Amino acid sequence: MAEQQEFKVAVLPCNGIGRLVSTVVRMAAYKIKKMRPEQVELLSCGRLAVGDPEHVEAARKYPLMVIDGCRPHCASFMADELGKTPAARLYVADVMAEKKINVAGEKRRGLTAKGEKLVDALAEAAVGEIDRIIADEMLSTL
Amino acid sequence: MAQKVCLQPCLGLRKESILCRQAFYVVHEDLRPETTVLGCGPALNANVQEDVDFINMYPVLAGEACDKDCATRLVAKKGKSAARTVRVVDLIAEEKLDLSDLPESENIPTDHPAVQVIAARIAAMVDELSNGA
């Protein structure tokens with residue numbers, strides 16, 4: 001069991017501010033950490049963007065999952081800057097389309113139950129990817 | 001005289017970061033919608049044109065949640081200097097705000113008194129910058 005604790009995934013949410021999806025990604029990131037507290041290293045995009053050693057090291061050390069909120073795919077851009085190929089990428093629009101969730105009318109400064117539904121769906125999708133990445137890592141050592 | 005001010009908040013993950021973010025929404029959407037633009041850090045880092053334009057066209061007010069000063073350093077990374085850096089933790093201390101009731105890793109409503117107090121302080125700084133102070 002102790003060996004299993006060594007397997008972690010670094011999660012980089014875009015954590016933007018300009019759009020509704022920025023808030024969705026941020027809240028999903030917190031939920032992901034709560035759902036997999038021992039397996040997730042949550043990275044701050046701000047600290048990573050300015051090369052904070054602690055966050056750069058975590059991003060390089062563990063398999064990386066990026067979560068992009070909007071079209072510029074800023075979290076993916078940061079992974080490219082680091083020269084790191086993500087083990088998984090999530091894009092909010094993909095989850096929204098797949099789950100057929102409508103967030104019209106939601107506001108970026110605070111979500112209602114409608115927005116939380118997308119947060120939950122995004123977090124569930126992310127945790128599924130995290131479990132897959134860790135399983136893959138574990139099996140590669142056997 | 002600056003027409004507008006670019007708000008560039010820390011987008012970290014800690015409680016103080018959320019407070020900063022929410023206060024900047026209040027400033028931009030409620031208190032000073034005509035004299036502010038809201039800069040997005042990751043978009044600036046990714047060279048999204050709108051966000052690059054913001055820091056080139058307007059004085060930047062960077063809001064920081066800790067002494068890492070990531071927002072200020074990100075603006076510097078893109079070749080500009082923030083006109084002013086404000087650390088939210090300093091404002092919290094000056095205003096004697098008690099954040100103990102605020103949970104980590106959750107959103108803070110924009111009508112929370114702490115958000116409103118910080119927003120009012122930041123709006124005053126916006127006024128100083130937009131008047132060329």
# chains A, B, ... in the order shown; residues from 1 in each chain; ligands from 1
call {"tool": "residues_around", "arguments": {"residues": "region 17-27 of chain A", "least_positions_apart": "5", "cutoff": "7 Å", "atoms": "only C-alpha atoms", "output": "mmCIF file with C-alpha atoms, in the first residue's frame"}}
result
data_model
loop_
_atom_site.group_PDB
_atom_site.id
_atom_site.type_symbol
_atom_site.label_atom_id
_atom_site.label_comp_id
_atom_site.auth_asym_id
_atom_site.auth_seq_id
_atom_site.Cartn_x
_atom_site.Cartn_y
_atom_site.Cartn_z
ATOM 1 C CA GLY A 69 -11.339 26.171 -19.982
ATOM 2 C CA CYS A 70 -11.544 28.104 -23.218
ATOM 3 C CA LYS A 107 -22.084 33.931 -13.838
ATOM 4 C CA ARG A 108 -18.331 33.684 -13.450
ATOM 5 C CA VAL A 119 -18.185 21.250 -12.231
ATOM 6 C CA LEU B 38 -9.808 42.424 -16.320
ATOM 7 C CA CYS B 40 -6.402 36.923 -17.366
#
call {"tool": "interface_residues", "arguments": {"of": "chain B", "to": "chain A", "cutoff": "10 Å", "atoms": "only C-alpha atoms", "output": "PDB file with C-alpha atoms, in the first residue's frame"}}
result
ATOM      1  CA  GLN B   8      -4.259  41.619 -13.071  1.00  0.00           C
ATOM      2  CA  PRO B   9      -5.110  39.401 -10.110  1.00  0.00           C
ATOM      3  CA  CYS B  10      -3.217  36.490  -8.658  1.00  0.00           C
ATOM      4  CA  LEU B  11      -4.923  33.314  -9.794  1.00  0.00           C
ATOM      5  CA  GLY B  12      -3.547  31.005  -7.177  1.00  0.00           C
ATOM      6  CA  LEU B  13      -5.450  28.428  -5.206  1.00  0.00           C
ATOM      7  CA  ARG B  14      -5.351  29.565  -1.603  1.00  0.00           C
ATOM      8  CA  ILE B  18      -9.982  33.516  -4.064  1.00  0.00           C
ATOM      9  CA  ARG B  21     -10.148  37.185  -7.469  1.00  0.00           C
ATOM     10  CA  GLN B  22     -13.637  37.874  -6.141  1.00  0.00           C
ATOM     11  CA  ALA B  23     -12.723  41.420  -5.118  1.00  0.00           C
ATOM     12  CA  PHE B  24     -11.416  42.081  -8.622  1.00  0.00           C
ATOM     13  CA  TYR B  25     -14.710  40.866 -10.085  1.00  0.00           C
ATOM     14  CA  VAL B  26     -16.550  43.304  -7.846  1.00  0.00           C
ATOM     15  CA  GLU B  29     -18.238  44.501 -12.749  1.00  0.00           C
ATOM     16  CA  VAL B  37     -10.308  45.857 -17.822  1.00  0.00           C
ATOM     17  CA  LEU B  38      -9.808  42.424 -16.320  1.00  0.00           C
ATOM     18  CA  GLY B  39      -6.604  40.698 -17.346  1.00  0.00           C
ATOM     19  CA  CYS B  40      -6.402  36.923 -17.366  1.00  0.00           C
ATOM     20  CA  GLY B  41      -2.997  35.624 -16.246  1.00  0.00           C
ATOM     21  CA  PRO B  42      -2.876  32.325 -18.123  1.00  0.00           C
ATOM     22  CA  ALA B  43      -4.161  34.041 -21.261  1.00  0.00           C
ATOM     23  CA  LEU B  44      -1.463  36.687 -20.944  1.00  0.00           C
ATOM     24  CA  ASN B  45       1.106  33.954 -20.495  1.00  0.00           C
ATOM     25  CA  ALA B  46      -0.217  32.272 -23.643  1.00  0.00           C
ATOM     26  CA  ASN B  47       0.061  35.579 -25.545  1.00  0.00           C
ATOM     27  CA  VAL B  48      -3.667  35.947 -26.151  1.00  0.00           C
ATOM     28  CA  LYS B  68       5.437  35.182  -4.581  1.00  0.00           C
ATOM     29  CA  ASP B  69       4.019  38.152  -6.531  1.00  0.00           C
ATOM     30  CA  CYS B  70       3.138  35.950  -9.512  1.00  0.00           C
ATOM     31  CA  ALA B  71       0.862  38.470 -11.230  1.00  0.00           C
ATOM     32  CA  THR B  72       3.512  41.192 -11.038  1.00  0.00           C
ATOM     33  CA  ARG B  73       6.194  38.801 -12.259  1.00  0.00           C
ATOM     34  CA  LEU B  74       4.015  37.566 -15.105  1.00  0.00           C
ATOM     35  CA  VAL B  75       3.561  41.133 -16.347  1.00  0.00           C
ATOM     36  CA  ALA B  76       7.350  41.555 -16.136  1.00  0.00           C
ATOM     37  CA  LYS B  77       7.803  38.308 -18.059  1.00  0.00           C
ATOM     38  CA  GLU B 104     -10.164  26.815   1.865  1.00  0.00           C
ATOM     39  CA  SER B 105     -10.878  25.467  -1.591  1.00  0.00           C
ATOM     40  CA  GLU B 106     -14.331  26.962  -1.966  1.00  0.00           C
ATOM     41  CA  ASN B 107     -15.695  30.011  -3.643  1.00  0.00           C
ATOM     42  CA  ILE B 108     -16.298  33.137  -1.577  1.00  0.00           C
ATOM     43  CA  PRO B 109     -19.531  34.984  -2.364  1.00  0.00           C
ATOM     44  CA  THR B 110     -18.911  38.452  -3.752  1.00  0.00           C
TER      45      THR B 110
END
call {"tool": "closest_residue", "arguments": {"among": "B:Asp90, B:Glu64, B:Glu16, B:Asp51", "to": "Val115 (chain B)", "atoms": "only C-alpha atoms"}}
result
B:Glu16
call {"tool": "residues_around", "arguments": {"residues": "Val27 (chain B)", "least_positions_apart": "6", "cutoff": "8 Å", "atoms": "only C-alpha atoms", "output": "list in words"}}
result
Pro33, Thr36, Ala119, Ala120, Ile122 and Ala123 of chain B
call {"tool": "write_last_selection", "arguments": {"atoms": "N, CA and C atoms", "output": "PDB file, in the first residue's frame"}}
result
ATOM      1  N   PRO B  33     -16.698  49.654 -13.635  1.00  0.00           N
ATOM      2  CA  PRO B  33     -16.778  48.962 -14.931  1.00  0.00           C
ATOM      3  C   PRO B  33     -16.266  49.806 -16.106  1.00  0.00           C
ATOM      4  N   THR B  36     -11.954  50.016 -15.840  1.00  0.00           N
ATOM      5  CA  THR B  36     -11.086  48.845 -15.662  1.00  0.00           C
ATOM      6  C   THR B  36     -11.285  47.826 -16.783  1.00  0.00           C
ATOM      7  N   ALA B 119     -12.469  45.082  -2.162  1.00  0.00           N
ATOM      8  CA  ALA B 119     -12.846  45.683  -3.451  1.00  0.00           C
ATOM      9  C   ALA B 119     -12.863  47.201  -3.357  1.00  0.00           C
ATOM     10  N   ALA B 120     -13.372  47.726  -2.266  1.00  0.00           N
ATOM     11  CA  ALA B 120     -13.421  49.186  -2.099  1.00  0.00           C
ATOM     12  C   ALA B 120     -12.014  49.772  -2.061  1.00  0.00           C
ATOM     13  N   ILE B 122      -9.358  48.472  -3.464  1.00  0.00           N
ATOM     14  CA  ILE B 122      -8.778  48.352  -4.807  1.00  0.00           C
ATOM     15  C   ILE B 122      -9.388  49.401  -5.747  1.00  0.00           C
ATOM     16  N   ALA B 123     -10.681  49.634  -5.594  1.00  0.00           N
ATOM     17  CA  ALA B 123     -11.324  50.662  -6.433  1.00  0.00           C
ATOM     18  C   ALA B 123     -10.684  52.027  -6.206  1.00  0.00           C
TER      19      ALA B 123
END
call {"tool": "residues_around", "arguments": {"residues": "Asp98 (chain B)", "least_positions_apart": "5", "cutoff": "10 Å", "atoms": "only C-alpha atoms", "output": "VMD selection string"}}
result
chain B and resid 92 to 93 114
call {"tool": "residues_around", "arguments": {"residues": "Ala28 (chain A)", "least_positions_apart": "5", "cutoff": "7 Å", "atoms": "only C-alpha atoms", "output": "list in words"}}
result
Val119, Asp120, Leu122 and Ala123 of chain A
call {"tool": "select_by_dssp", "arguments": {"residues": "chain A", "states": "strand (DSSP E or B)", "output": "JSON, numbers by chain"}}
result
{"A": [9, 10, 11, 12, 13, 40, 41, 42, 64, 65, 66, 67, 68, 88, 89, 90, 91, 107, 110]}
call {"tool": "closest_residue", "arguments": {"among": "A:Val11, A:Ala113, A:Ala125, A:Ile130", "to": "Asp94 (chain A)", "atoms": "only C-alpha atoms"}}
result
A:Ala125
call {"tool": "residues_around", "arguments": {"residues": "Asp127 (chain B)", "least_positions_apart": "2", "cutoff": "12 Å", "atoms": "only C-alpha atoms", "output": "PyMOL selection string"}}
result
chain B and resi 1-6+27+31-36+59+61+120-125+129-133
call {"tool": "atom_distance", "arguments": {"atom1": "CA of Ala10 (chain A)", "atom2": "CA of Lys61 (chain A)"}}
result
8.3 Å
call {"tool": "atom_distance", "arguments": {"atom1": "CA of Leu118 (chain A)", "atom2": "CA of Asp111 (chain B)"}}
result
23.5 Å
call {"tool": "select_by_dssp", "arguments": {"residues": "chain A", "states": "helix (DSSP H, G or I)", "output": "count of residues only"}}
result
79
call {"tool": "closest_residue", "arguments": {"among": "A:Lys8, A:Glu137, A:Met35, A:Met96", "to": "Tyr62 (chain A)", "atoms": "only C-alpha atoms"}}
result
A:Lys8
call {"tool": "atom_distance", "arguments": {"atom1": "CA of Asp80 (chain A)", "atom2": "CA of Val40 (chain A)"}}
result
20.5 Å
call {"tool": "residues_around", "arguments": {"residues": "region 97-104 of chain A", "least_positions_apart": "6", "cutoff": "8 Å", "atoms": "only C-alpha atoms", "output": "number ranges by chain"}}
result
A: 114-115, 117-118, 121
call {"tool": "write_last_selection", "arguments": {"atoms": "C-alpha atoms", "output": "tab-separated table (two decimals), in the first residue's frame"}}
result
chain	number	residue	atom	x	y	z
A	114	LYS	CA	-26.64	24.53	-12.93
A	115	GLY	CA	-22.99	25.46	-13.08
A	117	LYS	CA	-23.47	20.26	-12.50
A	118	LEU	CA	-20.76	21.02	-15.04
A	121	ALA	CA	-19.08	16.35	-14.59
